[in-house]
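Heads up: the structure comes next, in structure tokens.
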Amino acid sequence: MATKIRLQRGGRKGYAFYGIVIADTRAPRDGKFTEKIGTYNPNTNPATVDLNFERALYWVETGAQPTDTVRNILKREGVYMMKHLRGGVKKGAFDEAAAQAKFEAWKTNKEAGLAAIRESEAKSKKEAAAKNLEAEKKVNEEIAKKVAEKKAAAEQAAAEAEAAAKEATTEEAPAEA
């Protein structure tokens with residue numbers, strides 16, 4: 001029986017959520033499966049993966065063929081790295097402890113890189129928010145200036161109208177006398 005490691009769709013319309021499953025190659029996408037080894041949520045940033053590492057490694061070593069997306073997920077989680085290191089142990093290139101040490105070093109390096117990416121994204125978001133706030137302040141100042149100018153013009157027009165009315169009343173008063 002040929003097996004595949006594939007994604008099984010779940011979730012509502014427009015908000016896909018996937019289970020990572022082991023299934024027969026002839027089974028439909030959301031059909032019968034042998035084992036569920038994890039979940040994949042592409043809706044978060046970065047995408048959330050919950051994977052049973054040992055079972056995934058077992059199935060990859062057994063010969064289950066992953067789909068392209070699942071292969072990328074397994075590579076990112078380190079399953080293929082561990083398979084490669086175990087191959088080196090079988091060939092006698094190094095022992096199990098060295099393989100585990102190499103894997104841990106790879107994992108910490110990967111996590112440090114992801115943390116740096118998250119930090120830079122957070123920093124850029126903060127800078128963009130500050131830039132937007134500054135632009136908004138400028139726009140608000142310009143609007144306030146225009147409003148003040150309009151009020152000043154309206155006050156001056158009212159004062160001129162009032163002065164003209166006073167002038168008219170003072171001109172009419174001596175004419176009556």
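Quick note on naming: the chains in the structure tokens go A, B, ... in the order shown, residues restart at 1 in each chain, and ligands are numbered from 1 in order of appearance.
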Next on the checklist: Using DSSP assignments from the backbone, pull out every residue in chain A that falls under strand (DSSP E) and give it to me as a PyMOL selection string.
Outcome noted: chain A and resi 3-12+15-24+35-41+48-51+65-66
Item to check | 10 Å contact set for segment 114-130 of chain A, only C-alpha atoms, chain neighbours under 6 positions out, as a list of chain:residue names | outcome: A:Asn45, A:Pro46, A:Thr108, A:Glu136
Item to check | Spatial neighbours of Leu51 of chain A, max dist 10 Å, only C-alpha atoms, sep filter under 4 positions, as a ChimeraX atom specification | outcome: /A:19-20,36-40,55-56,73-74,77,79
I need the chosen residues saved as a short mmCIF file (atom, residue, chain, number, x, y, z; two decimals), in the first residue's frame, with all heavy atoms.
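This went into selection.cif:
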data_model
loop_
_atom_site.label_atom_id
_atom_site.label_comp_id
_atom_site.auth_asym_id
_atom_site.auth_seq_id
_atom_site.Cartn_x
_atom_site.Cartn_y
_atom_site.Cartn_z
N GLY A 19 -5.43 19.35 8.88
CA GLY A 19 -4.82 18.29 9.66
C GLY A 19 -3.76 17.64 8.78
O GLY A 19 -3.96 17.46 7.58
N ILE A 20 -2.61 17.31 9.35
CA ILE A 20 -1.56 16.61 8.61
C ILE A 20 -1.79 15.13 8.87
O ILE A 20 -1.70 14.67 10.01
CB ILE A 20 -0.16 17.05 9.07
CG1 ILE A 20 -0.01 18.55 8.91
CG2 ILE A 20 0.92 16.31 8.28
CD1 ILE A 20 1.25 19.13 9.53
N LYS A 36 -3.39 10.65 12.11
CA LYS A 36 -3.24 12.10 12.11
C LYS A 36 -1.99 12.42 12.92
O LYS A 36 -1.89 12.06 14.09
CB LYS A 36 -4.47 12.76 12.73
CG LYS A 36 -4.43 14.27 12.68
CD LYS A 36 -5.74 14.86 13.18
CE LYS A 36 -5.71 16.37 13.08
NZ LYS A 36 -6.98 16.96 13.49
N ILE A 37 -1.03 13.12 12.28
CA ILE A 37 0.23 13.40 12.96
C ILE A 37 0.41 14.87 13.33
O ILE A 37 1.42 15.23 13.92
CB ILE A 37 1.44 12.92 12.12
CG1 ILE A 37 1.49 13.62 10.77
CG2 ILE A 37 1.42 11.42 11.97
CD1 ILE A 37 2.75 13.37 9.99
N GLY A 38 -0.55 15.71 12.97
CA GLY A 38 -0.41 17.11 13.34
C GLY A 38 -1.47 17.99 12.72
O GLY A 38 -2.38 17.51 12.04
N THR A 39 -1.32 19.30 12.96
CA THR A 39 -2.23 20.29 12.39
C THR A 39 -1.41 21.43 11.81
O THR A 39 -0.27 21.67 12.21
CB THR A 39 -3.19 20.87 13.45
OG1 THR A 39 -2.42 21.46 14.50
CG2 THR A 39 -4.11 19.80 14.00
N TYR A 40 -2.03 22.14 10.86
CA TYR A 40 -1.39 23.27 10.19
C TYR A 40 -2.42 24.37 10.04
O TYR A 40 -3.49 24.16 9.47
CB TYR A 40 -0.87 22.82 8.82
CG TYR A 40 -0.42 23.92 7.91
CD1 TYR A 40 0.64 24.75 8.25
CD2 TYR A 40 -1.05 24.13 6.69
CE1 TYR A 40 1.06 25.75 7.39
CE2 TYR A 40 -0.64 25.13 5.82
CZ TYR A 40 0.42 25.94 6.19
OH TYR A 40 0.84 26.93 5.35
N ARG A 55 6.37 10.62 15.14
CA ARG A 55 5.54 9.89 14.17
C ARG A 55 5.81 10.38 12.74
O ARG A 55 5.84 9.60 11.80
CB ARG A 55 4.06 10.03 14.50
CG ARG A 55 3.65 9.33 15.77
CD ARG A 55 4.03 7.86 15.80
NE ARG A 55 3.29 7.10 14.81
CZ ARG A 55 3.56 5.84 14.45
NH1 ARG A 55 4.56 5.20 15.00
NH2 ARG A 55 2.84 5.24 13.54
N ALA A 56 6.01 11.67 12.58
CA ALA A 56 6.32 12.21 11.25
C ALA A 56 7.64 11.64 10.76
O ALA A 56 7.76 11.21 9.60
CB ALA A 56 6.39 13.73 11.30
N ILE A 73 6.56 21.94 5.16
CA ILE A 73 6.28 22.00 6.60
C ILE A 73 7.26 21.10 7.35
O ILE A 73 7.85 21.51 8.36
CB ILE A 73 4.82 21.59 6.89
CG1 ILE A 73 3.86 22.64 6.37
CG2 ILE A 73 4.61 21.36 8.38
CD1 ILE A 73 2.41 22.21 6.38
N LEU A 74 7.46 19.88 6.85
CA LEU A 74 8.36 18.93 7.52
C LEU A 74 9.80 19.42 7.49
O LEU A 74 10.54 19.25 8.47
CB LEU A 74 8.24 17.55 6.88
CG LEU A 74 6.88 16.86 7.02
CD1 LEU A 74 6.88 15.53 6.29
CD2 LEU A 74 6.50 16.67 8.47
N GLU A 77 10.13 22.13 10.11
CA GLU A 77 10.10 21.59 11.47
C GLU A 77 11.33 20.73 11.79
O GLU A 77 11.53 20.35 12.93
CB GLU A 77 8.83 20.76 11.68
CG GLU A 77 7.57 21.59 11.62
CD GLU A 77 7.48 22.62 12.73
OE1 GLU A 77 7.73 22.28 13.90
OE2 GLU A 77 7.18 23.79 12.41
N VAL A 79 12.16 17.63 10.35
CA VAL A 79 12.01 16.18 10.19
C VAL A 79 13.01 15.66 9.16
O VAL A 79 13.68 14.65 9.38
CB VAL A 79 10.56 15.82 9.77
CG1 VAL A 79 10.43 14.34 9.42
CG2 VAL A 79 9.59 16.20 10.88
#
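Of the residues listed (A:Asp24, A:Glu160, A:Glu171, A:Glu104), A:Asp24 shows the shortest atom-to-atom separation from Pro66 of chain A; distances use only C-alpha atoms.
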Checklist entry - Can you tell me, as an MDAnalysis selection string, what residues are no more than 12 Å from Lys107 of chain A when counting only C-alpha atoms, ignoring any on the same chain fewer than 3 positions away? => result chainID A and resid 75:79 81:82 100:104 110:114
Long-range neighbours of Lys32 of chain A as a compact mmCIF listing (two decimals) with all heavy atoms, in the first residue's frame, 10 Å cut-off, only C-alpha atoms, 6 positions minimum in chain:
# COMPACT_ATOMS: atom_id res chain seq x y z
N GLN A 8 -5.40 17.53 5.28
CA GLN A 8 -6.84 17.27 5.25
C GLN A 8 -7.54 18.54 5.70
O GLN A 8 -7.33 19.01 6.81
CB GLN A 8 -7.19 16.11 6.18
CG GLN A 8 -8.63 15.71 6.11
CD GLN A 8 -8.91 14.51 6.98
OE1 GLN A 8 -8.39 14.39 8.07
NE2 GLN A 8 -9.73 13.62 6.48
N VAL A 21 -2.12 14.39 7.81
CA VAL A 21 -2.52 12.99 7.97
C VAL A 21 -1.71 12.07 7.08
O VAL A 21 -1.15 12.48 6.07
CB VAL A 21 -4.02 12.79 7.67
CG1 VAL A 21 -4.88 13.57 8.63
CG2 VAL A 21 -4.36 13.16 6.24
N ILE A 22 -1.68 10.81 7.48
CA ILE A 22 -1.11 9.73 6.67
C ILE A 22 -2.31 9.03 6.03
O ILE A 22 -3.21 8.58 6.73
CB ILE A 22 -0.34 8.71 7.55
CG1 ILE A 22 0.66 9.42 8.47
CG2 ILE A 22 0.32 7.66 6.69
CD1 ILE A 22 1.71 10.23 7.78
N ALA A 23 -2.31 8.96 4.70
CA ALA A 23 -3.45 8.38 4.00
C ALA A 23 -2.97 7.53 2.83
O ALA A 23 -1.85 7.71 2.33
CB ALA A 23 -4.38 9.47 3.50
N ASP A 24 -3.82 6.62 2.40
CA ASP A 24 -3.56 5.84 1.20
C ASP A 24 -3.60 6.81 0.01
O ASP A 24 -4.38 7.75 0.00
CB ASP A 24 -4.65 4.77 1.06
CG ASP A 24 -4.41 3.85 -0.12
OD1 ASP A 24 -3.30 3.89 -0.69
OD2 ASP A 24 -5.33 3.08 -0.46
N ARG A 26 -4.82 6.49 -2.80
CA ARG A 26 -6.09 6.44 -3.54
C ARG A 26 -7.23 7.10 -2.78
O ARG A 26 -8.29 7.34 -3.34
CB ARG A 26 -6.46 4.98 -3.83
CG ARG A 26 -5.42 4.30 -4.72
CD ARG A 26 -5.61 2.82 -4.73
NE ARG A 26 -5.27 2.31 -3.40
CZ ARG A 26 -5.31 1.03 -3.06
NH1 ARG A 26 -5.69 0.13 -3.93
NH2 ARG A 26 -4.97 0.64 -1.86
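For Arg86 of chain A, the residues within 12 Å (counting only C-alpha atoms, excluding itself and residues fewer than 6 positions away along the chain) are Leu57, Tyr58, Val60, Glu61, Val79, Tyr80, Gly92, Ala93, Phe94, Asp95, Glu96, Ala97, Ala98, Ala99, Gln100, Lys102 and Phe103 of chain A.
Going from atom CA of Thr25 of chain A to atom CA of Lys4 of chain A covers 5.6 Å.
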